[in-house]
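Engineer: This is input23.txt, which holds compact mmCIF, C-alpha atoms:
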# COMPACT_ATOMS: atom_id res chain seq x y z
CA MET A 1 67.94 82.39 73.83
CA LYS A 2 70.34 80.44 75.98
CA GLN A 3 69.82 76.75 76.25
CA TRP A 4 70.45 75.40 79.66
CA PRO A 5 71.39 71.88 80.62
CA ARG A 6 68.47 69.49 80.78
CA THR A 7 69.34 68.70 84.37
CA ALA A 8 68.60 72.34 85.16
CA SER A 9 64.90 71.59 85.04
CA ASN A 10 65.47 71.19 88.72
CA SER A 11 64.54 74.68 89.99
CA ALA A 12 67.14 74.78 92.78
CA LEU A 13 69.91 74.20 90.27
CA ARG A 14 68.42 76.79 87.97
CA ARG A 15 68.47 79.29 90.76
CA ARG A 16 72.10 78.53 91.49
CA VAL A 17 72.99 78.96 87.84
CA VAL A 18 71.24 82.33 87.70
CA ALA A 19 72.91 83.36 90.95
CA SER A 20 76.38 82.45 89.67
CA TRP A 21 75.80 84.35 86.44
CA THR A 22 74.52 87.35 88.39
CA ILE A 23 77.53 87.43 90.71
CA VAL A 24 79.94 87.09 87.81
CA ALA A 25 78.11 89.74 85.78
CA ALA A 26 78.07 92.20 88.68
CA VAL A 27 81.76 91.75 89.48
CA PHE A 28 82.69 91.92 85.81
CA GLY A 29 80.60 95.07 85.36
CA LEU A 30 82.27 96.63 88.37
CA MET A 31 85.76 95.88 87.07
CA VAL A 32 84.98 97.18 83.59
CA SER A 33 83.35 100.38 84.78
CA VAL A 34 86.12 101.14 87.29
CA GLN A 35 88.67 100.79 84.49
CA TYR A 36 86.54 102.79 82.03
CA HIS A 37 85.93 105.52 84.60
CA ASP A 38 89.64 105.77 85.31
CA VAL A 39 90.56 105.90 81.61
CA THR A 40 88.00 108.60 80.79
CA LEU A 41 89.18 110.66 83.75
CA GLY A 42 92.73 110.38 82.41
CA GLY A 43 93.76 108.32 85.39
CA ALA A 44 96.39 105.66 85.85
CA ALA A 45 94.50 103.04 83.82
CA ILE A 46 95.66 104.77 80.63
CA TRP A 47 99.12 103.45 81.42
CA SER A 48 97.90 99.86 81.52
CA ALA A 49 98.43 99.86 77.76
CA LEU A 50 102.02 100.87 78.45
CA PRO A 51 103.23 98.45 81.10
CA ASP A 52 106.77 99.82 80.81
CA VAL A 53 105.67 103.21 82.06
CA ALA A 54 103.59 101.68 84.84
CA SER A 55 106.47 99.46 85.89
CA VAL A 56 109.02 102.29 85.95
CA SER A 57 106.57 104.43 87.85
CA SER A 58 105.97 101.72 90.43
CA ARG A 59 109.71 101.19 90.81
CA LEU A 60 110.17 104.91 91.36
CA ALA A 61 107.48 104.82 94.02
CA ALA A 62 109.18 101.86 95.67
CA VAL A 63 112.59 103.58 95.71
CA ASP A 64 110.93 106.70 97.10
CA ASN A 65 109.39 104.62 99.87
CA VAL A 66 112.72 103.03 100.73
CA ASN A 67 114.35 106.47 100.84
CA GLN A 68 111.62 107.80 103.10
CA SER A 69 111.93 104.90 105.50
CA LEU A 70 115.74 105.21 105.55
CA MET A 71 115.44 108.90 106.36
CA LYS A 72 112.98 108.12 109.13
CA ARG A 73 115.40 105.54 110.52
CA GLU A 74 118.22 108.04 110.29
CA ALA A 75 116.11 110.56 112.21
CA GLY A 76 115.37 107.97 114.88
CA ILE A 77 119.05 107.07 115.25
CA MET A 78 119.92 110.78 115.42
CA ARG A 79 117.41 111.23 118.24
CA ARG A 80 118.99 108.36 120.16
CA VAL A 81 122.45 109.83 119.61
CA LEU A 82 121.27 113.17 120.99
CA VAL A 83 119.77 111.53 124.06
CA LEU A 84 123.04 109.65 124.71
CA GLN A 85 124.97 112.85 124.15
CA ALA A 86 122.87 114.80 126.65
CA ASP A 87 123.45 111.96 129.08
CA ALA A 88 127.22 112.16 128.56
CA ILE A 89 127.19 115.92 129.15
CA ARG A 90 125.26 115.43 132.40
CA ARG A 91 127.79 112.90 133.66
CA GLY A 92 130.64 115.34 133.18
CA GLY A 93 134.28 114.41 132.67
CA VAL A 94 136.42 114.72 129.58
CA THR A 95 133.76 113.39 127.22
CA ALA A 96 131.33 116.05 128.42
CA LEU A 97 133.58 118.76 127.04
CA VAL A 98 133.85 117.04 123.68
CA GLU A 99 130.14 116.36 123.56
CA ARG A 100 129.34 119.94 124.42
CA GLN A 101 131.52 121.14 121.58
CA LEU A 102 129.88 118.64 119.27
CA HIS A 103 126.45 119.86 120.34
CA ALA A 104 127.48 123.47 119.73
CA ALA A 105 128.73 122.46 116.27
CA ARG A 106 125.41 120.74 115.54
CA VAL A 107 123.46 123.81 116.61
CA LEU A 108 125.61 126.00 114.39
CA ALA A 109 125.21 123.60 111.47
CA GLY A 110 121.48 123.52 112.09
CA THR A 111 121.24 119.73 112.06
CA VAL A 112 119.36 119.50 115.36
CA ALA A 113 116.04 120.99 116.41
CA LEU A 114 116.37 123.61 119.12
CA THR A 115 114.02 124.81 121.83
CA GLY A 116 114.50 127.91 123.93
CA PRO A 117 113.53 131.53 124.55
CA GLY A 118 113.40 133.89 121.61
CA VAL A 119 111.35 136.17 119.42
CA VAL A 120 108.79 135.73 116.67
CA VAL A 121 108.02 138.24 113.97
CA THR A 122 105.59 137.80 111.09
CA ILE A 123 105.85 139.59 107.76
CA SER A 124 102.87 139.54 105.37
CA ASP A 125 102.48 141.02 101.90
CA GLY A 126 100.74 144.34 101.50
CA HIS A 127 97.56 144.70 99.50
CA MET A 128 98.20 145.03 95.81
CA SER A 129 96.98 148.28 94.26
CA GLY A 130 98.18 150.13 91.23
CA PRO A 131 100.87 149.17 88.77
CA ASP A 132 103.85 149.19 91.13
CA MET A 133 102.81 146.03 92.93
CA ALA A 134 106.42 144.91 93.33
CA ARG A 135 106.61 147.29 96.26
CA PHE A 136 103.90 145.44 98.16
CA ILE A 137 105.50 142.02 97.95
CA THR A 138 107.83 140.62 100.54
CA HIS A 139 111.16 140.09 98.83
CA ASP A 140 114.08 137.85 99.55
CA TRP A 141 116.22 140.81 100.61
CA ASP A 142 113.57 141.79 103.15
CA LEU A 143 113.81 138.36 104.76
CA ARG A 144 117.60 138.37 104.50
CA SER A 145 117.85 141.72 106.27
CA VAL A 146 115.75 140.46 109.20
CA VAL A 147 117.67 137.17 109.41
CA ASN A 148 121.01 139.02 109.30
CA GLU A 149 119.88 141.39 112.01
CA LEU A 150 118.87 138.47 114.23
CA PHE A 151 122.20 136.69 113.77
CA VAL A 152 124.10 139.92 114.40
CA ALA A 153 122.10 140.33 117.62
CA GLY A 154 123.35 136.91 118.73
CA ALA A 155 120.62 134.47 117.76
CA ASP A 156 121.60 130.81 118.11
CA ALA A 157 119.10 129.60 115.56
CA VAL A 158 116.76 131.28 113.08
CA SER A 159 113.97 129.83 110.97
CA ILE A 160 111.58 131.16 108.37
CA ASN A 161 108.29 129.24 108.56
CA SER A 162 109.44 125.59 108.61
CA ALA A 163 112.89 126.24 107.15
CA ARG A 164 115.89 126.39 109.46
CA ILE A 165 118.55 128.87 108.39
CA SER A 166 121.88 127.07 108.33
CA ALA A 167 125.27 128.21 107.11
CA GLN A 168 124.41 126.82 103.66
CA THR A 169 120.91 128.24 103.48
CA GLY A 170 120.44 130.76 100.72
CA VAL A 171 117.37 132.98 100.68
CA TYR A 172 116.34 133.80 97.17
CA CYS A 173 113.26 134.83 95.19
CA ILE A 174 112.25 132.27 92.57
CA GLY A 175 109.25 133.65 90.75
CA PRO A 176 106.21 133.76 93.00
CA VAL A 177 107.82 132.12 96.03
CA VAL A 178 110.90 132.58 98.18
CA ARG A 179 113.30 129.70 98.28
CA VAL A 180 114.89 129.23 101.66
CA GLY A 181 117.51 126.51 101.35
CA THR A 182 115.62 123.66 99.70
CA VAL A 183 112.14 124.75 100.77
CA ARG A 184 109.85 127.03 98.81
CA LEU A 185 107.87 129.38 101.01
CA GLY A 186 105.06 131.85 100.50
CA PRO A 187 103.75 134.61 102.74
CA PRO A 188 103.09 135.12 105.58
CA PHE A 189 106.67 134.62 106.66
CA VAL A 190 107.01 133.74 110.32
CA ILE A 191 110.58 134.35 111.41
CA ARG A 192 111.60 132.69 114.65
CA ALA A 193 114.87 133.18 116.48
CA ILE A 194 116.26 131.56 119.60
CA GLY A 195 118.60 133.58 121.76
CA ASP A 196 118.46 136.30 124.38
CA SER A 197 114.91 137.41 123.60
CA SER A 198 115.20 140.92 125.01
CA VAL A 199 118.37 141.61 123.01
CA LEU A 200 116.82 140.15 119.84
CA ALA A 201 113.63 142.17 120.29
CA ALA A 202 115.61 145.33 120.97
CA ALA A 203 117.68 144.79 117.85
CA LEU A 204 114.58 144.38 115.71
CA ASN A 205 112.79 147.31 117.37
CA LEU A 206 115.70 149.68 116.81
CA PRO A 207 114.18 152.96 115.60
CA GLY A 208 114.97 153.16 111.93
CA GLY A 209 116.08 149.51 112.03
CA VAL A 210 115.18 146.70 109.66
CA LEU A 211 111.53 146.35 110.69
CA ASP A 212 110.95 150.10 110.50
CA ALA A 213 112.53 150.05 107.06
CA LEU A 214 110.08 147.34 106.00
CA ARG A 215 107.08 149.11 107.50
CA GLY A 216 108.03 152.39 105.90
CA ALA A 217 108.75 153.24 102.28
CA ASN A 218 104.98 153.26 101.68
CA ARG A 219 105.04 149.54 100.96
CA GLY A 220 102.07 148.50 103.02
CA LEU A 221 103.81 145.37 104.31
CA ASP A 222 102.22 143.98 107.43
CA VAL A 223 105.05 143.50 109.95
CA THR A 224 104.09 142.45 113.47
CA ARG A 225 105.88 143.65 116.59
CA PRO A 226 108.57 141.14 117.61
CA GLU A 227 106.99 138.91 120.19
CA GLN A 228 109.23 137.69 123.01
CA LYS A 229 108.53 134.11 123.99
CA ARG A 230 109.74 131.81 126.71
CA ARG A 231 109.77 128.75 124.54
CA ILE A 232 110.26 128.59 120.80
CA ARG A 233 110.90 125.48 118.82
CA ILE A 234 113.02 125.68 115.70
CA PRO A 235 113.21 122.58 113.53
CA ALA A 236 116.43 121.04 112.28
CA TYR A 237 117.67 121.75 108.78
CA GLU A 238 115.88 119.31 106.54
CA PRO A 239 117.14 117.59 103.43
CA ALA A 240 115.11 118.25 100.30
CA LEU A 241 113.10 115.03 100.16
CA LEU A 242 111.71 115.28 103.66
CA ALA A 243 111.13 119.00 103.45
CA GLN A 244 109.03 118.72 100.30
CA THR A 245 106.81 115.90 101.50
CA GLY A 246 106.32 117.39 104.92
CA GLU A 247 107.10 114.17 106.76
CA ALA A 248 109.97 115.63 108.69
CA GLN A 249 110.61 114.52 112.21
CA GLN A 250 109.47 117.09 114.70
CA MET B 1 63.91 84.65 79.94
CA ARG B 2 64.37 85.40 83.62
CA MET B 3 67.67 83.57 83.46
CA VAL B 4 69.00 86.28 81.16
CA ILE B 5 67.31 89.29 82.74
CA ILE B 6 68.57 88.81 86.29
CA PRO B 7 72.28 88.48 85.36
CA LEU B 8 71.83 91.52 83.07
CA ILE B 9 70.47 93.49 86.01
CA GLY B 10 73.53 92.34 87.97
CA LEU B 11 75.80 93.58 85.18
CA LEU B 12 74.08 96.97 85.09
CA PHE B 13 74.29 97.15 88.88
CA GLY B 14 78.04 96.48 88.78
CA LEU B 15 78.57 99.03 86.01
CA ALA B 16 76.55 101.65 87.89
CA VAL B 17 78.46 101.08 91.14
CA GLY B 18 81.81 101.32 89.33
CA MET B 19 80.81 104.57 87.64
CA ALA B 20 79.30 106.08 90.78
CA VAL B 21 82.11 105.23 93.16
CA ASN B 22 85.11 107.38 92.42
CA ILE B 23 87.97 104.91 92.68
CA ARG B 24 91.31 106.19 91.46
CA LEU B 25 93.67 103.42 90.51
CA PRO B 26 97.26 103.74 91.67
CA ILE B 27 99.42 103.68 88.54
CA GLN B 28 101.32 100.57 89.60
CA TYR B 29 98.11 98.51 89.81
CA ALA B 30 96.41 99.76 86.65
CA ALA B 31 98.03 97.10 84.46
CA TYR B 32 96.85 94.28 86.73
CA LEU B 33 93.21 95.32 86.55
CA SER B 34 93.32 95.37 82.77
CA VAL B 35 94.74 91.82 82.69
CA ALA B 36 92.13 90.73 85.24
CA ILE B 37 89.37 92.18 83.05
CA LEU B 38 90.70 90.22 80.10
CA ALA B 39 90.65 86.99 82.14
CA ALA B 40 87.14 87.77 83.36
CA LEU B 41 85.95 88.41 79.80
CA ASP B 42 87.42 85.07 78.74
CA THR B 43 85.59 83.25 81.55
CA VAL B 44 82.30 84.94 80.67
CA PHE B 45 82.57 83.88 77.03
CA GLY B 46 83.61 80.41 78.13
CA GLY B 47 80.51 80.25 80.33
CA ILE B 48 78.21 81.31 77.47
CA LYS B 49 79.83 78.71 75.22
CA SER B 50 79.46 75.88 77.71
CA GLY B 51 75.87 76.95 78.35
CA LEU B 52 75.14 76.63 74.64
CA GLN B 53 76.87 73.25 74.61
CA HIS B 54 74.78 72.03 77.57
CA GLU B 55 77.95 71.59 79.60
CA PHE B 56 77.50 74.52 81.97
CA ASP B 57 78.42 73.87 85.60
CA HIS B 58 77.87 76.83 87.89
CA ARG B 59 80.55 75.67 90.36
CA VAL B 60 83.18 75.44 87.66
CA PHE B 61 82.04 78.77 86.27
CA LEU B 62 82.08 80.66 89.56
CA THR B 63 85.41 79.30 90.80
CA GLY B 64 86.94 79.66 87.35
CA PHE B 65 85.91 83.30 87.13
CA PHE B 66 87.53 84.34 90.37
CA SER B 67 90.59 82.09 90.18
CA ASN B 68 91.34 83.06 86.57
CA THR B 69 90.96 86.74 87.35
CA LEU B 70 93.14 86.65 90.44
CA LEU B 71 95.69 84.36 88.82
CA ALA B 72 96.04 86.64 85.81
CA ALA B 73 96.58 89.68 88.02
CA ALA B 74 98.97 87.74 90.28
CA LEU B 75 101.00 86.47 87.33
CA ALA B 76 101.28 90.00 85.94
CA PHE B 77 102.36 91.21 89.37
CA ILE B 78 105.01 88.51 89.76
CA GLY B 79 106.16 89.23 86.22
CA SER B 80 106.63 92.91 87.04
CA LEU B 81 108.68 91.95 90.12
CA LEU B 82 110.92 89.71 88.02
CA GLY B 83 111.12 92.06 85.07
CA ILE B 84 109.24 89.64 82.81
CA ASP B 85 106.34 91.13 80.92
CA LEU B 86 103.77 88.41 81.70
CA THR B 87 101.04 90.98 80.97
CA LEU B 88 101.83 90.46 77.32
CA ALA B 89 101.54 86.67 77.69
CA ALA B 90 98.15 87.07 79.37
CA VAL B 91 96.92 89.43 76.66
CA VAL B 92 97.92 86.99 73.91
CA ALA B 93 96.65 83.85 75.67
CA PHE B 94 93.30 85.29 76.72
CA GLY B 95 92.93 87.11 73.42
CA VAL B 96 93.24 83.85 71.48
CA ARG B 97 90.84 82.08 73.83
CA ILE B 98 88.27 84.85 73.59
CA PHE B 99 88.33 84.78 69.80
CA ASN B 100 88.00 80.97 69.84
CA ASN B 101 85.11 81.08 72.26
CA VAL B 102 83.30 83.79 70.33
CA ALA B 103 83.76 81.81 67.10
CA THR B 104 82.38 78.67 68.77
CA ILE B 105 79.41 80.64 70.11
CA ARG B 106 78.71 81.97 66.62
CA HIS B 107 78.88 78.48 65.14
CA LEU B 108 76.58 77.13 67.83
CA PHE B 109 74.10 79.92 67.13
CA LEU B 110 74.19 79.10 63.47
CA GLN B 111 73.49 75.45 64.36
CA ARG B 112 76.70 74.21 62.87
CA ARG B 113 79.13 71.73 64.20
CA LYS B 114 81.48 72.84 66.92
CA ILE B 115 84.78 74.11 65.58
CA PRO B 116 87.90 72.82 67.28
CA SER B 117 89.23 75.12 69.94
CA HIS B 118 92.21 75.13 72.23
CA GLN B 119 90.25 73.78 75.14
Here is a file; write its structure as structure tokens.
Structural biologist:
Amino acid sequence: MKQWPRTASNSALRRRVVASWTIVAAVFGLMVSVQYHDVTLGGAAIWSALPDVASVSSRLAAVDNVNQSLMKREAGIMRRVLVLQADAIRRGGVTALVERQLHAARVLAGTVALTGPGVVVTISDGHMSGPDMARFITHDWDLRSVVNELFVAGADAVSINSARISAQTGVYCIGPVVRVGTVRLGPPFVIRAIGDSSVLAAALNLPGGVLDALRGANRGLDVTRPEQKRRIRIPAYEPALLAQTGEAQQ
Amino acid sequence: MRMVIIPLIGLLFGLAVGMAVNIRLPIQYAAYLSVAILAALDTVFGGIKSGLQHEFDHRVFLTGFFSNTLLAAALAFIGSLLGIDLTLAAVVAFGVRIFNNVATIRHLFLQRRKIPSHQ
């Protein structure tokens, strides 16, 4: 069907011509089928007909990236500040007092990660049976009562799963999950507290106390015994963006 | 005949690989692939036309295919960085060329004189 140049009677040239067509056809086929595959799967290629949407989306991704890298830099700078601060406290003098107060303020605000002795207690939902399933679910007020009890018992820092409880952290049910500050959490809820571990454990183990109240009332919640630990790590309070993407500094 | 069959097998091979391999395009690159496909399609039609006109040169064809494809995608990319919709320019330019090439191919098949094209 195709007529080839007369010079192509030379078989080496013919072969090269066929090879070039084959390479081009294979690459072209690959490009077309990748695009087709993506369109039929409802992928990003659909937006290639709407470059505005693709461009806005890429800009959003770029801004997101910049934000992420800025937050990482901020976390790095914060770490350096903390190291310098610890150094200043070690050296003593007037600045040590100021730095110590600043550190205490940071701990209270929840902006720094904290490591120390404390207790861990885990609360899991009960097994659903019958119509009154609301009883078997861990509610926000359940978590609040435990957190309150821990703070009353003198905890320096408390966290639920990965969320640090700061002064601004609200604990609230939103539909199927519990919102702790900016983070949405589901069961099991691991509550960690740093402080005098024996006092914290005693407070939680109080007969008729908060944990007994949760275990009772025929709710079937699975509440572990408070576990005293030498070393517990509680993360810093995280801003929303980092908390949602899970790229927080540890 | 073999000169048609082997490239066709290559085409089918490429299509099969693209369908089999599950590549998800990131949304910001989807527009560039579509422009690149348009450029590739233009080069393929240009190659068929020059073959029919006994002017086919495999070196020109091969380099033209890849450079046109990459250039089209690169122009679209630069355009998106500068806020200029060069994708539209590529669609129009390659669209016109493709229609011209296809018309020339049809005329050549019908053994008529070559119609003037933009090239």
Engineer: Define the interface residues of chain B facing chain A as those within 7 Å, counting all atoms listed in the file, and report them as JSON, numbers by chain.
Structural biologist: {"B": [3, 6, 7, 10, 11, 12, 13, 14, 15, 17, 18, 19, 23, 24, 25, 26, 27, 28, 30, 31, 34, 37, 40, 51, 52, 54, 55, 56, 58, 62, 80]}
Engineer: Skipping near chain neighbours, those fewer than 4 positions away, what residues fall within 9 Å of Gln228 in chain A using all atoms listed in the file, listed as a list of chain:residue names?
Structural biologist: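 So, after excluding close chain neighbours, the residues are A:Pro117, A:Gly118, A:Val119, A:Val120, A:Ser197, A:Ser198, A:Leu200, A:Ala201.
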Engineer: Next, dump the selected residues to file, keeping only C-alpha atoms, as a compact mmCIF listing (two decimals), keeping the file's coordinate frame.
Structural biologist:
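result.txt, written as the output of this step:
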# COMPACT_ATOMS: atom_id res chain seq x y z
CA PRO A 117 113.53 131.53 124.55
CA GLY A 118 113.40 133.89 121.61
CA VAL A 119 111.35 136.17 119.42
CA VAL A 120 108.79 135.73 116.67
CA SER A 197 114.91 137.41 123.60
CA SER A 198 115.20 140.92 125.01
CA LEU A 200 116.82 140.15 119.84
CA ALA A 201 113.63 142.17 120.29
Engineer: For CA of Thr69 in chain B and CA of Ala62 in chain A, quote the distance in Å rounded to one decimal.
Structural biologist: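 Rounded to one decimal, the two atoms are 25.1 Å apart.
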Engineer: What separation in Å, quoted to one decimal, exists between CA of Ile5 in chain B and CA of Val44 in chain B?
Structural biologist: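 That distance, rounded to one decimal, is 15.7 Å.
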Engineer: What separation in Å, quoted to one decimal, exists between CA of Leu114 in chain A and CA of Ile234 in chain A?
Structural biologist: 5.2 Å
Engineer: If you take every atom of range 200-212 of chain A that the file lists and fit an axis-aligned box around them with 3 Å extra on each side, what centre and edge lengths come out in Å to one decimal, as lines of an AutoDock Vina configuration file?
Structural biologist:
center_x = 114.3
center_y = 146.7
center_z = 115.3
size_x = 12.7
size_y = 19.0
size_z = 17.3
Engineer: Between A:Ala193, A:Val146, A:Ile232, A:Leu108, single out the one closest to Asp212 in chain A, counting only C-alpha atoms.
Structural biologist: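 Smallest separation from Asp212 in chain A among the options: A:Val146.
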Engineer: Find the residue from B:Phe77, B:Phe109, B:Phe66, B:Tyr32 that sits nearest to Lys49 in chain B; use only C-alpha atoms when measuring.
Structural biologist: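 Closest residue, counting only C-alpha atoms: B:Phe109.
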Engineer: Skipping near chain neighbours, those fewer than 4 positions away, what residues fall within 9 Å of Val147 in chain A using only C-alpha atoms, listed as a compact mmCIF listing (two decimals) with C-alpha atoms, keeping the file's coordinate frame?
Structural biologist:
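What landed in result-v1.txt:
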# COMPACT_ATOMS: atom_id res chain seq x y z
CA ASP A 142 113.57 141.79 103.15
CA LEU A 143 113.81 138.36 104.76
CA PHE A 151 122.20 136.69 113.77
CA VAL A 152 124.10 139.92 114.40
CA VAL A 158 116.76 131.28 113.08
CA SER A 159 113.97 129.83 110.97
CA ILE A 160 111.58 131.16 108.37
CA ILE A 165 118.55 128.87 108.39
CA ILE A 191 110.58 134.35 111.41
CA ALA A 193 114.87 133.18 116.48
Engineer: Hey, could you patch up range 10-31 of chain B with N, CA, C and O atoms and hand it over as a PDB file, in the frame of the given file?
Structural biologist:
ATOM      1  N   GLY B  10      72.290  92.390  87.195  1.00  0.00           N
ATOM      2  CA  GLY B  10      73.530  92.340  87.970  1.00  0.00           C
ATOM      3  C   GLY B  10      74.652  93.093  87.281  1.00  0.00           C
ATOM      4  O   GLY B  10      75.390  93.853  87.906  1.00  0.00           O
ATOM      5  N   LEU B  11      74.760  92.898  85.970  1.00  0.00           N
ATOM      6  CA  LEU B  11      75.800  93.580  85.180  1.00  0.00           C
ATOM      7  C   LEU B  11      75.627  95.083  85.249  1.00  0.00           C
ATOM      8  O   LEU B  11      76.579  95.831  85.502  1.00  0.00           O
ATOM      9  N   LEU B  12      74.368  95.531  85.051  1.00  0.00           N
ATOM     10  CA  LEU B  12      74.080  96.970  85.090  1.00  0.00           C
ATOM     11  C   LEU B  12      74.377  97.529  86.482  1.00  0.00           C
ATOM     12  O   LEU B  12      74.916  98.626  86.610  1.00  0.00           O
ATOM     13  N   PHE B  13      74.031  96.733  87.503  1.00  0.00           N
ATOM     14  CA  PHE B  13      74.290  97.150  88.880  1.00  0.00           C
ATOM     15  C   PHE B  13      75.803  97.359  89.093  1.00  0.00           C
ATOM     16  O   PHE B  13      76.241  98.380  89.619  1.00  0.00           O
ATOM     17  N   GLY B  14      76.592  96.373  88.642  1.00  0.00           N
ATOM     18  CA  GLY B  14      78.040  96.480  88.780  1.00  0.00           C
ATOM     19  C   GLY B  14      78.600  97.678  88.035  1.00  0.00           C
ATOM     20  O   GLY B  14      79.422  98.436  88.560  1.00  0.00           O
ATOM     21  N   LEU B  15      78.111  97.884  86.807  1.00  0.00           N
ATOM     22  CA  LEU B  15      78.570  99.030  86.010  1.00  0.00           C
ATOM     23  C   LEU B  15      78.234 100.332  86.714  1.00  0.00           C
ATOM     24  O   LEU B  15      79.062 101.245  86.802  1.00  0.00           O
ATOM     25  N   ALA B  16      77.004 100.411  87.244  1.00  0.00           N
ATOM     26  CA  ALA B  16      76.550 101.650  87.890  1.00  0.00           C
ATOM     27  C   ALA B  16      77.391 101.929  89.131  1.00  0.00           C
ATOM     28  O   ALA B  16      77.827 103.068  89.343  1.00  0.00           O
ATOM     29  N   VAL B  17      77.663 100.878  89.914  1.00  0.00           N
ATOM     30  CA  VAL B  17      78.460 101.080  91.140  1.00  0.00           C
ATOM     31  C   VAL B  17      79.862 101.566  90.777  1.00  0.00           C
ATOM     32  O   VAL B  17      80.381 102.511  91.361  1.00  0.00           O
ATOM     33  N   GLY B  18      80.462 100.927  89.753  1.00  0.00           N
ATOM     34  CA  GLY B  18      81.810 101.320  89.330  1.00  0.00           C
ATOM     35  C   GLY B  18      81.874 102.743  88.839  1.00  0.00           C
ATOM     36  O   GLY B  18      82.858 103.444  89.064  1.00  0.00           O
ATOM     37  N   MET B  19      80.828 103.199  88.156  1.00  0.00           N
ATOM     38  CA  MET B  19      80.810 104.570  87.640  1.00  0.00           C
ATOM     39  C   MET B  19      80.557 105.567  88.776  1.00  0.00           C
ATOM     40  O   MET B  19      81.092 106.671  88.777  1.00  0.00           O
ATOM     41  N   ALA B  20      79.703 105.152  89.714  1.00  0.00           N
ATOM     42  CA  ALA B  20      79.300 106.080  90.780  1.00  0.00           C
ATOM     43  C   ALA B  20      80.415 106.263  91.795  1.00  0.00           C
ATOM     44  O   ALA B  20      80.701 107.383  92.214  1.00  0.00           O
ATOM     45  N   VAL B  21      81.050 105.140  92.151  1.00  0.00           N
ATOM     46  CA  VAL B  21      82.110 105.230  93.160  1.00  0.00           C
ATOM     47  C   VAL B  21      83.375 105.721  92.489  1.00  0.00           C
ATOM     48  O   VAL B  21      83.803 105.183  91.481  1.00  0.00           O
ATOM     49  N   ASN B  22      83.938 106.776  93.052  1.00  0.00           N
ATOM     50  CA  ASN B  22      85.110 107.380  92.420  1.00  0.00           C
ATOM     51  C   ASN B  22      86.379 106.721  92.941  1.00  0.00           C
ATOM     52  O   ASN B  22      86.985 107.166  93.898  1.00  0.00           O
ATOM     53  N   ILE B  23      86.749 105.611  92.290  1.00  0.00           N
ATOM     54  CA  ILE B  23      87.970 104.910  92.680  1.00  0.00           C
ATOM     55  C   ILE B  23      89.077 105.346  91.742  1.00  0.00           C
ATOM     56  O   ILE B  23      88.941 105.225  90.532  1.00  0.00           O
ATOM     57  N   ARG B  24      90.158 105.884  92.299  1.00  0.00           N
ATOM     58  CA  ARG B  24      91.310 106.190  91.460  1.00  0.00           C
ATOM     59  C   ARG B  24      92.317 105.065  91.614  1.00  0.00           C
ATOM     60  O   ARG B  24      92.680 104.703  92.715  1.00  0.00           O
ATOM     61  N   LEU B  25      92.718 104.528  90.472  1.00  0.00           N
ATOM     62  CA  LEU B  25      93.670 103.420  90.510  1.00  0.00           C
ATOM     63  C   LEU B  25      95.080 103.967  90.694  1.00  0.00           C
ATOM     64  O   LEU B  25      95.459 104.901  90.003  1.00  0.00           O
ATOM     65  N   PRO B  26      95.852 103.391  91.612  1.00  0.00           N
ATOM     66  CA  PRO B  26      97.260 103.740  91.670  1.00  0.00           C
ATOM     67  C   PRO B  26      97.934 103.230  90.394  1.00  0.00           C
ATOM     68  O   PRO B  26      97.568 102.152  89.904  1.00  0.00           O
ATOM     69  N   ILE B  27      98.860 103.997  89.870  1.00  0.00           N
ATOM     70  CA  ILE B  27      99.420 103.680  88.540  1.00  0.00           C
ATOM     71  C   ILE B  27     100.064 102.306  88.511  1.00  0.00           C
ATOM     72  O   ILE B  27      99.988 101.598  87.505  1.00  0.00           O
ATOM     73  N   GLN B  28     100.625 101.862  89.644  1.00  0.00           N
ATOM     74  CA  GLN B  28     101.320 100.570  89.600  1.00  0.00           C
ATOM     75  C   GLN B  28     100.362  99.394  89.539  1.00  0.00           C
ATOM     76  O   GLN B  28     100.769  98.284  89.236  1.00  0.00           O
ATOM     77  N   TYR B  29      99.067  99.620  89.835  1.00  0.00           N
ATOM     78  CA  TYR B  29      98.110  98.510  89.810  1.00  0.00           C
ATOM     79  C   TYR B  29      97.230  98.536  88.578  1.00  0.00           C
ATOM     80  O   TYR B  29      96.439  97.616  88.359  1.00  0.00           O
ATOM     81  N   ALA B  30      97.312  99.600  87.787  1.00  0.00           N
ATOM     82  CA  ALA B  30      96.410  99.760  86.650  1.00  0.00           C
ATOM     83  C   ALA B  30      96.557  98.595  85.665  1.00  0.00           C
ATOM     84  O   ALA B  30      95.568  98.073  85.146  1.00  0.00           O
ATOM     85  N   ALA B  31      97.801  98.160  85.443  1.00  0.00           N
ATOM     86  CA  ALA B  31      98.030  97.100  84.460  1.00  0.00           C
ATOM     87  C   ALA B  31      97.412  95.782  84.919  1.00  0.00           C
ATOM     88  O   ALA B  31      96.943  94.996  84.103  1.00  0.00           O
TER      89      ALA B  31
END
